[in-house]
Amino acid sequence: MLKKLAVIGFGSTMIGIGVNGFILPFHLINGGMFGISIVINYLWQFSIGLTFVILNIPVYLFAYKSDFDYFLYGLIGAFFSGFMIEFLVPLRDVFHLPIVSSVIIGGVILGIGVGTMLRNHISPGGMDLLALLLAKWTKINVGIIAYAIDTVIIMTSLLILQEPRLLYSLLIVSIVGLFATVITSWNHYEK
């Protein structure tokens, strides 16, 4: 239990840093419920953390009926991730990097945070929880499933917001997906 809480703390902090320090300053999005929450924030200025928690409810109800451990640790992971995104809002004005550097650094930080949580069967958000459940049932790497879901979210966001700059978001989810896939693959070779 302590290891899981440490992983949640580390992963949530990395997510908060990546989102606030490197993604939001350029009005970009990442995938999953975070990405959907950010789009809603851009459209209607709703709180990203609160929107994130609310959007997760249906997926968590589904997980509750499917796998209680995934549900429990996913709920804790989503709560702490949402909290850290709100807590680390002051980072939005700290780093002043070119957009490509910010996208790469933000993607790596997010990928490490998300990948570490997924490796330990903890979800930082609803779409990742759905990816964990799908990976359990299909035996497809959770990072690949999460990347596919995130790509659909980014493409949909491009259509809704019609902002060409969001193409950088595809690079973000690619980096996050790569890191999550690599980090979660380590489990298969341990023992």
# chains A, B, ... in the order shown; residues from 1 in each chain; ligands from 1
$ closest_atom_pairs --of "stretch 97-176 of chain A" --to "stretch 55-67 of chain A" --cutoff "8 Å" --atoms "only C-alpha atoms" --output "Markdown table"
| residue | atom | partner | partner_atom | distance |
| --- | --- | --- | --- | --- |
| A:Gly125 | CA | A:Asn56 | CA | 6.7 |
| A:Gly126 | CA | A:Asn56 | CA | 4.8 |
| A:Met127 | CA | A:Val59 | CA | 7.6 |
| A:Leu129 | CA | A:Val59 | CA | 7.5 |
| A:Leu130 | CA | A:Val59 | CA | 6.8 |
| A:Leu133 | CA | A:Ala63 | CA | 7.7 |
$ write_last_selection --atoms "C-alpha atoms" --output "PDB file, in the first residue's frame"
ATOM      1  CA  GLY A 125      -7.404   9.256 -14.981  1.00  0.00           C
ATOM      2  CA  GLY A 126     -10.466   7.648 -16.502  1.00  0.00           C
ATOM      3  CA  MET A 127      -9.160   6.939 -19.982  1.00  0.00           C
ATOM      4  CA  LEU A 129      -8.178   3.281 -16.239  1.00  0.00           C
ATOM      5  CA  LEU A 130     -10.168   2.163 -19.271  1.00  0.00           C
ATOM      6  CA  LEU A 133      -8.918  -2.700 -18.054  1.00  0.00           C
TER       7      LEU A 133
END
$ residues_around --residues "A:Gly49" --least-positions-apart "2" --cutoff "9 Å" --atoms "only C-alpha atoms" --output "PDB file with all heavy atoms, in the first residue's frame"
ATOM      1  N   PHE A  34      -7.611  14.244 -19.031  1.00  0.00           N
ATOM      2  CA  PHE A  34      -6.905  15.517 -18.881  1.00  0.00           C
ATOM      3  C   PHE A  34      -7.121  16.373 -20.122  1.00  0.00           C
ATOM      4  O   PHE A  34      -7.420  17.556 -20.039  1.00  0.00           O
ATOM      5  CB  PHE A  34      -5.396  15.302 -18.700  1.00  0.00           C
ATOM      6  CG  PHE A  34      -5.013  14.676 -17.397  1.00  0.00           C
ATOM      7  CD1 PHE A  34      -4.306  13.487 -17.382  1.00  0.00           C
ATOM      8  CD2 PHE A  34      -5.334  15.257 -16.197  1.00  0.00           C
ATOM      9  CE1 PHE A  34      -3.942  12.891 -16.196  1.00  0.00           C
ATOM     10  CE2 PHE A  34      -4.969  14.669 -14.994  1.00  0.00           C
ATOM     11  CZ  PHE A  34      -4.278  13.484 -14.997  1.00  0.00           C
ATOM     12  N   SER A  37     -10.598  17.653 -20.330  1.00  0.00           N
ATOM     13  CA  SER A  37     -10.768  18.704 -19.315  1.00  0.00           C
ATOM     14  C   SER A  37     -10.123  20.007 -19.767  1.00  0.00           C
ATOM     15  O   SER A  37     -10.674  21.093 -19.539  1.00  0.00           O
ATOM     16  CB  SER A  37     -10.156  18.263 -17.983  1.00  0.00           C
ATOM     17  OG  SER A  37     -10.781  17.096 -17.518  1.00  0.00           O
ATOM     18  N   PHE A  46     -13.845  26.356 -17.329  1.00  0.00           N
ATOM     19  CA  PHE A  46     -14.105  25.548 -16.144  1.00  0.00           C
ATOM     20  C   PHE A  46     -12.777  25.075 -15.559  1.00  0.00           C
ATOM     21  O   PHE A  46     -11.792  24.916 -16.276  1.00  0.00           O
ATOM     22  CB  PHE A  46     -14.963  24.323 -16.471  1.00  0.00           C
ATOM     23  CG  PHE A  46     -16.386  24.638 -16.851  1.00  0.00           C
ATOM     24  CD1 PHE A  46     -17.069  23.816 -17.714  1.00  0.00           C
ATOM     25  CD2 PHE A  46     -17.048  25.742 -16.340  1.00  0.00           C
ATOM     26  CE1 PHE A  46     -18.379  24.093 -18.072  1.00  0.00           C
ATOM     27  CE2 PHE A  46     -18.354  26.035 -16.686  1.00  0.00           C
ATOM     28  CZ  PHE A  46     -19.020  25.203 -17.558  1.00  0.00           C
ATOM     29  N   SER A  47     -12.767  24.820 -14.270  1.00  0.00           N
ATOM     30  CA  SER A  47     -11.583  24.303 -13.585  1.00  0.00           C
ATOM     31  C   SER A  47     -11.163  22.962 -14.190  1.00  0.00           C
ATOM     32  O   SER A  47     -11.985  22.046 -14.318  1.00  0.00           O
ATOM     33  CB  SER A  47     -11.892  24.121 -12.103  1.00  0.00           C
ATOM     34  OG  SER A  47     -10.958  23.268 -11.488  1.00  0.00           O
ATOM     35  N   THR A  51     -13.199  19.489 -13.419  1.00  0.00           N
ATOM     36  CA  THR A  51     -13.779  18.872 -14.612  1.00  0.00           C
ATOM     37  C   THR A  51     -13.230  17.468 -14.799  1.00  0.00           C
ATOM     38  O   THR A  51     -13.975  16.533 -15.106  1.00  0.00           O
ATOM     39  CB  THR A  51     -13.476  19.729 -15.865  1.00  0.00           C
ATOM     40  OG1 THR A  51     -13.975  21.051 -15.658  1.00  0.00           O
ATOM     41  CG2 THR A  51     -14.103  19.139 -17.108  1.00  0.00           C
ATOM     42  N   PHE A  52     -11.934  17.315 -14.582  1.00  0.00           N
ATOM     43  CA  PHE A  52     -11.272  16.019 -14.697  1.00  0.00           C
ATOM     44  C   PHE A  52     -11.909  14.993 -13.770  1.00  0.00           C
ATOM     45  O   PHE A  52     -12.232  13.869 -14.169  1.00  0.00           O
ATOM     46  CB  PHE A  52      -9.783  16.201 -14.394  1.00  0.00           C
ATOM     47  CG  PHE A  52      -9.016  14.929 -14.247  1.00  0.00           C
ATOM     48  CD1 PHE A  52      -8.678  14.178 -15.353  1.00  0.00           C
ATOM     49  CD2 PHE A  52      -8.621  14.482 -12.995  1.00  0.00           C
ATOM     50  CE1 PHE A  52      -7.965  12.999 -15.214  1.00  0.00           C
ATOM     51  CE2 PHE A  52      -7.909  13.320 -12.853  1.00  0.00           C
ATOM     52  CZ  PHE A  52      -7.590  12.578 -13.964  1.00  0.00           C
ATOM     53  N   VAL A  53     -12.131  15.378 -12.527  1.00  0.00           N
ATOM     54  CA  VAL A  53     -12.719  14.460 -11.550  1.00  0.00           C
ATOM     55  C   VAL A  53     -14.150  14.088 -11.963  1.00  0.00           C
ATOM     56  O   VAL A  53     -14.539  12.918 -11.936  1.00  0.00           O
ATOM     57  CB  VAL A  53     -12.680  15.067 -10.124  1.00  0.00           C
ATOM     58  CG1 VAL A  53     -13.489  14.245  -9.155  1.00  0.00           C
ATOM     59  CG2 VAL A  53     -11.232  15.189  -9.640  1.00  0.00           C
ATOM     60  N   ILE A  54     -14.933  15.067 -12.378  1.00  0.00           N
ATOM     61  CA  ILE A  54     -16.326  14.814 -12.766  1.00  0.00           C
ATOM     62  C   ILE A  54     -16.401  13.896 -13.990  1.00  0.00           C
ATOM     63  O   ILE A  54     -17.222  12.975 -14.036  1.00  0.00           O
ATOM     64  CB  ILE A  54     -17.063  16.147 -13.017  1.00  0.00           C
ATOM     65  CG1 ILE A  54     -17.238  16.892 -11.685  1.00  0.00           C
ATOM     66  CG2 ILE A  54     -18.411  15.903 -13.689  1.00  0.00           C
ATOM     67  CD1 ILE A  54     -17.714  18.320 -11.828  1.00  0.00           C
ATOM     68  N   PHE A  79      -7.768  11.405  -8.094  1.00  0.00           N
ATOM     69  CA  PHE A  79      -7.927  12.488  -7.120  1.00  0.00           C
ATOM     70  C   PHE A  79      -6.616  13.258  -6.949  1.00  0.00           C
ATOM     71  O   PHE A  79      -6.588  14.484  -7.025  1.00  0.00           O
ATOM     72  CB  PHE A  79      -8.388  11.945  -5.759  1.00  0.00           C
ATOM     73  CG  PHE A  79      -8.414  12.987  -4.689  1.00  0.00           C
ATOM     74  CD1 PHE A  79      -9.457  13.893  -4.612  1.00  0.00           C
ATOM     75  CD2 PHE A  79      -7.368  13.082  -3.782  1.00  0.00           C
ATOM     76  CE1 PHE A  79      -9.467  14.885  -3.633  1.00  0.00           C
ATOM     77  CE2 PHE A  79      -7.364  14.063  -2.797  1.00  0.00           C
ATOM     78  CZ  PHE A  79      -8.420  14.969  -2.719  1.00  0.00           C
ATOM     79  N   SER A  81      -3.979  13.298  -8.956  1.00  0.00           N
ATOM     80  CA  SER A  81      -3.575  13.940 -10.208  1.00  0.00           C
ATOM     81  C   SER A  81      -4.347  15.241 -10.405  1.00  0.00           C
ATOM     82  O   SER A  81      -3.763  16.270 -10.755  1.00  0.00           O
ATOM     83  CB  SER A  81      -3.797  13.003 -11.397  1.00  0.00           C
ATOM     84  OG  SER A  81      -2.959  11.873 -11.284  1.00  0.00           O
ATOM     85  N   GLY A  82      -5.662  15.200 -10.181  1.00  0.00           N
ATOM     86  CA  GLY A  82      -6.469  16.417 -10.282  1.00  0.00           C
ATOM     87  C   GLY A  82      -6.020  17.474  -9.289  1.00  0.00           C
ATOM     88  O   GLY A  82      -5.915  18.662  -9.610  1.00  0.00           O
ATOM     89  N   PHE A  83      -5.713  17.027  -8.067  1.00  0.00           N
ATOM     90  CA  PHE A  83      -5.248  17.954  -7.034  1.00  0.00           C
ATOM     91  C   PHE A  83      -3.915  18.592  -7.439  1.00  0.00           C
ATOM     92  O   PHE A  83      -3.737  19.808  -7.318  1.00  0.00           O
ATOM     93  CB  PHE A  83      -5.091  17.229  -5.695  1.00  0.00           C
ATOM     94  CG  PHE A  83      -4.456  18.083  -4.631  1.00  0.00           C
ATOM     95  CD1 PHE A  83      -5.194  19.041  -3.959  1.00  0.00           C
ATOM     96  CD2 PHE A  83      -3.103  17.932  -4.333  1.00  0.00           C
ATOM     97  CE1 PHE A  83      -4.602  19.844  -2.996  1.00  0.00           C
ATOM     98  CE2 PHE A  83      -2.505  18.726  -3.366  1.00  0.00           C
ATOM     99  CZ  PHE A  83      -3.256  19.687  -2.692  1.00  0.00           C
ATOM    100  N   MET A  84      -2.982  17.779  -7.932  1.00  0.00           N
ATOM    101  CA  MET A  84      -1.659  18.316  -8.287  1.00  0.00           C
ATOM    102  C   MET A  84      -1.732  19.255  -9.491  1.00  0.00           C
ATOM    103  O   MET A  84      -0.970  20.225  -9.567  1.00  0.00           O
ATOM    104  CB  MET A  84      -0.660  17.182  -8.553  1.00  0.00           C
ATOM    105  CG  MET A  84      -0.285  16.396  -7.303  1.00  0.00           C
ATOM    106  SD  MET A  84       0.266  17.420  -5.895  1.00  0.00           S
ATOM    107  CE  MET A  84       1.847  17.980  -6.496  1.00  0.00           C
ATOM    108  N   ILE A  85      -2.655  18.998 -10.404  1.00  0.00           N
ATOM    109  CA  ILE A  85      -2.823  19.916 -11.530  1.00  0.00           C
ATOM    110  C   ILE A  85      -3.274  21.284 -11.012  1.00  0.00           C
ATOM    111  O   ILE A  85      -2.761  22.322 -11.437  1.00  0.00           O
ATOM    112  CB  ILE A  85      -3.823  19.357 -12.563  1.00  0.00           C
ATOM    113  CG1 ILE A  85      -3.162  18.211 -13.338  1.00  0.00           C
ATOM    114  CG2 ILE A  85      -4.279  20.446 -13.535  1.00  0.00           C
ATOM    115  CD1 ILE A  85      -4.099  17.457 -14.241  1.00  0.00           C
ATOM    116  N   GLU A  86      -4.201  21.294 -10.072  1.00  0.00           N
ATOM    117  CA  GLU A  86      -4.665  22.568  -9.500  1.00  0.00           C
ATOM    118  C   GLU A  86      -3.597  23.190  -8.598  1.00  0.00           C
ATOM    119  O   GLU A  86      -3.372  24.396  -8.640  1.00  0.00           O
ATOM    120  CB  GLU A  86      -5.969  22.369  -8.717  1.00  0.00           C
ATOM    121  CG  GLU A  86      -7.162  22.076  -9.587  1.00  0.00           C
ATOM    122  CD  GLU A  86      -7.485  23.198 -10.567  1.00  0.00           C
ATOM    123  OE1 GLU A  86      -7.467  24.388 -10.176  1.00  0.00           O
ATOM    124  OE2 GLU A  86      -7.750  22.881 -11.740  1.00  0.00           O
TER     125      GLU A  86
END
$ atom_distance --atom1 "atom CA of A:Ile122" --atom2 "atom CA of A:Leu5"
9.7 Å
$ closest_residue --among "A:Tyr70, A:Phe26, A:Phe179, A:Trp186" --to "A:Gly115" --atoms "only C-alpha atoms"
A:Phe179
$ select_by_dssp --residues "stretch 30-127 of chain A" --states "alpha helix (DSSP H)" --output "MDAnalysis selection string"
chainID A and resid 32:44 48:66 68:87 99:119 126:127
$ atom_distance --atom1 "atom CA of A:Leu24" --atom2 "atom CA of A:Ile38"
8.3 Å
$ residues_around --residues "stretch 91-99 of chain A" --least-positions-apart "6" --cutoff "12 Å" --atoms "only C-alpha atoms" --output "PyMOL selection string"
chain A and resi 13+16-28+84-85+105-107+165-169+171-172
$ closest_residue --among "A:Gly77, A:Ser102, A:Phe10, A:Met117" --to "A:Ala180" --atoms "only C-alpha atoms"
A:Met117
$ residues_around --residues "A:Val114" --least-positions-apart "6" --cutoff "8 Å" --atoms "only C-alpha atoms" --output "PyMOL selection string"
chain A and resi 11+15+123-124+176+180
$ write_last_selection --atoms "N, CA, C and O atoms" --output "JSON list (two decimals), in the first residue's frame"
[["chain", "number", "residue", "atom", "x", "y", "z"],
["A", 11, "GLY", "N", 3.83, 10.08, -9.53],
["A", 11, "GLY", "CA", 3.19, 10.21, -10.84],
["A", 11, "GLY", "C", 2.32, 11.44, -10.94],
["A", 11, "GLY", "O", 2.35, 12.17, -11.93],
["A", 15, "ILE", "N", 2.72, 14.65, -13.44],
["A", 15, "ILE", "CA", 1.63, 15.08, -14.30],
["A", 15, "ILE", "C", 1.33, 16.56, -14.08],
["A", 15, "ILE", "O", 1.18, 17.32, -15.04],
["A", 123, "SER", "N", -4.20, 4.09, -12.23],
["A", 123, "SER", "CA", -4.61, 5.00, -13.29],
["A", 123, "SER", "C", -4.59, 6.43, -12.79],
["A", 123, "SER", "O", -5.14, 6.73, -11.74],
["A", 124, "PRO", "N", -3.99, 7.35, -13.57],
["A", 124, "PRO", "CA", -4.08, 8.76, -13.21],
["A", 124, "PRO", "C", -5.34, 9.42, -13.74],
["A", 124, "PRO", "O", -5.56, 10.59, -13.52],
["A", 176, "VAL", "N", 4.31, 10.74, -24.68],
["A", 176, "VAL", "CA", 3.72, 10.11, -23.50],
["A", 176, "VAL", "C", 3.45, 8.63, -23.77],
["A", 176, "VAL", "O", 3.77, 7.76, -22.95],
["A", 180, "ALA", "N", 5.13, 5.60, -21.78],
["A", 180, "ALA", "CA", 4.23, 4.70, -21.06],
["A", 180, "ALA", "C", 4.40, 3.27, -21.55],
["A", 180, "ALA", "O", 4.42, 2.33, -20.75]]
$ residues_around --residues "A:Ile140" --least-positions-apart "6" --cutoff "10 Å" --atoms "only C-alpha atoms" --output "list in words"
Ala131, Leu132 and Leu134 of chain A
$ write_last_selection --atoms "C-alpha atoms" --output "PDB file, in the first residue's frame"
ATOM      1  CA  ALA A 131      -6.857   1.394 -21.032  1.00  0.00           C
ATOM      2  CA  LEU A 132      -5.711  -0.665 -18.005  1.00  0.00           C
ATOM      3  CA  LEU A 134      -8.718  -3.211 -21.834  1.00  0.00           C
TER       4      LEU A 134
END
$ residues_around --residues "stretch 142-146 of chain A" --least-positions-apart "3" --cutoff "7 Å" --atoms "only C-alpha atoms" --output "ChimeraX atom specification"
/A:128,131-132,135,149-150,177,180-181,184
$ write_last_selection --atoms "all heavy atoms" --output "mmCIF file, in the first residue's frame"
data_model
loop_
_atom_site.group_PDB
_atom_site.id
_atom_site.type_symbol
_atom_site.label_atom_id
_atom_site.label_comp_id
_atom_site.auth_asym_id
_atom_site.auth_seq_id
_atom_site.Cartn_x
_atom_site.Cartn_y
_atom_site.Cartn_z
ATOM 1 N N ASP A 128 -7.105 6.313 -18.869
ATOM 2 C CA ASP A 128 -6.018 5.383 -18.542
ATOM 3 C C ASP A 128 -6.543 4.181 -17.770
ATOM 4 O O ASP A 128 -6.040 3.071 -17.921
ATOM 5 C CB ASP A 128 -4.905 6.093 -17.765
ATOM 6 C CG ASP A 128 -4.159 7.106 -18.622
ATOM 7 O OD1 ASP A 128 -3.998 6.840 -19.824
ATOM 8 O OD2 ASP A 128 -3.753 8.148 -18.088
ATOM 9 N N ALA A 131 -7.969 2.057 -20.333
ATOM 10 C CA ALA A 131 -6.857 1.394 -21.032
ATOM 11 C C ALA A 131 -6.301 0.234 -20.205
ATOM 12 O O ALA A 131 -5.985 -0.832 -20.749
ATOM 13 C CB ALA A 131 -5.756 2.399 -21.357
ATOM 14 N N LEU A 132 -6.179 0.422 -18.878
ATOM 15 C CA LEU A 132 -5.711 -0.665 -18.005
ATOM 16 C C LEU A 132 -6.650 -1.865 -18.071
ATOM 17 O O LEU A 132 -6.203 -3.015 -18.170
ATOM 18 C CB LEU A 132 -5.614 -0.184 -16.555
ATOM 19 C CG LEU A 132 -4.329 0.489 -16.107
ATOM 20 C CD1 LEU A 132 -4.491 1.075 -14.710
ATOM 21 C CD2 LEU A 132 -3.162 -0.465 -16.156
ATOM 22 N N ALA A 135 -6.332 -3.531 -21.455
ATOM 23 C CA ALA A 135 -5.063 -4.266 -21.540
ATOM 24 C C ALA A 135 -5.150 -5.582 -20.778
ATOM 25 O O ALA A 135 -4.618 -6.605 -21.222
ATOM 26 C CB ALA A 135 -3.922 -3.413 -20.994
ATOM 27 N N ILE A 149 -6.240 5.876 -27.746
ATOM 28 C CA ILE A 149 -7.338 6.689 -27.203
ATOM 29 C C ILE A 149 -6.958 8.166 -27.245
ATOM 30 O O ILE A 149 -7.752 9.023 -27.660
ATOM 31 C CB ILE A 149 -7.692 6.248 -25.769
ATOM 32 C CG1 ILE A 149 -8.295 4.842 -25.770
ATOM 33 C CG2 ILE A 149 -8.643 7.244 -25.108
ATOM 34 C CD1 ILE A 149 -8.459 4.229 -24.382
ATOM 35 N N ASP A 150 -5.728 8.483 -26.818
ATOM 36 C CA ASP A 150 -5.274 9.870 -26.789
ATOM 37 C C ASP A 150 -5.242 10.489 -28.183
ATOM 38 O O ASP A 150 -5.582 11.663 -28.359
ATOM 39 C CB ASP A 150 -3.885 9.964 -26.151
ATOM 40 C CG ASP A 150 -3.908 9.680 -24.662
ATOM 41 O OD1 ASP A 150 -5.013 9.656 -24.078
ATOM 42 O OD2 ASP A 150 -2.834 9.468 -24.087
ATOM 43 N N GLY A 177 2.886 8.331 -24.944
ATOM 44 C CA GLY A 177 2.602 6.943 -25.308
ATOM 45 C C GLY A 177 3.856 6.093 -25.386
ATOM 46 O O GLY A 177 3.881 4.948 -24.934
ATOM 47 N N ALA A 180 5.129 5.604 -21.781
ATOM 48 C CA ALA A 180 4.229 4.697 -21.057
ATOM 49 C C ALA A 180 4.397 3.267 -21.551
ATOM 50 O O ALA A 180 4.423 2.328 -20.749
ATOM 51 C CB ALA A 180 2.780 5.156 -21.208
ATOM 52 N N THR A 181 4.554 3.084 -22.860
ATOM 53 C CA THR A 181 4.739 1.740 -23.416
ATOM 54 C C THR A 181 6.044 1.123 -22.942
ATOM 55 O O THR A 181 6.083 -0.035 -22.517
ATOM 56 C CB THR A 181 4.694 1.777 -24.963
ATOM 57 O OG1 THR A 181 3.421 2.308 -25.364
ATOM 58 C CG2 THR A 181 4.870 0.393 -25.552
ATOM 59 N N THR A 184 5.857 0.456 -19.038
ATOM 60 C CA THR A 184 4.979 -0.662 -18.689
ATOM 61 C C THR A 184 5.485 -1.982 -19.249
ATOM 62 O O THR A 184 5.162 -3.044 -18.722
ATOM 63 C CB THR A 184 3.523 -0.421 -19.162
ATOM 64 O OG1 THR A 184 3.512 -0.177 -20.567
ATOM 65 C CG2 THR A 184 2.911 0.743 -18.423
#
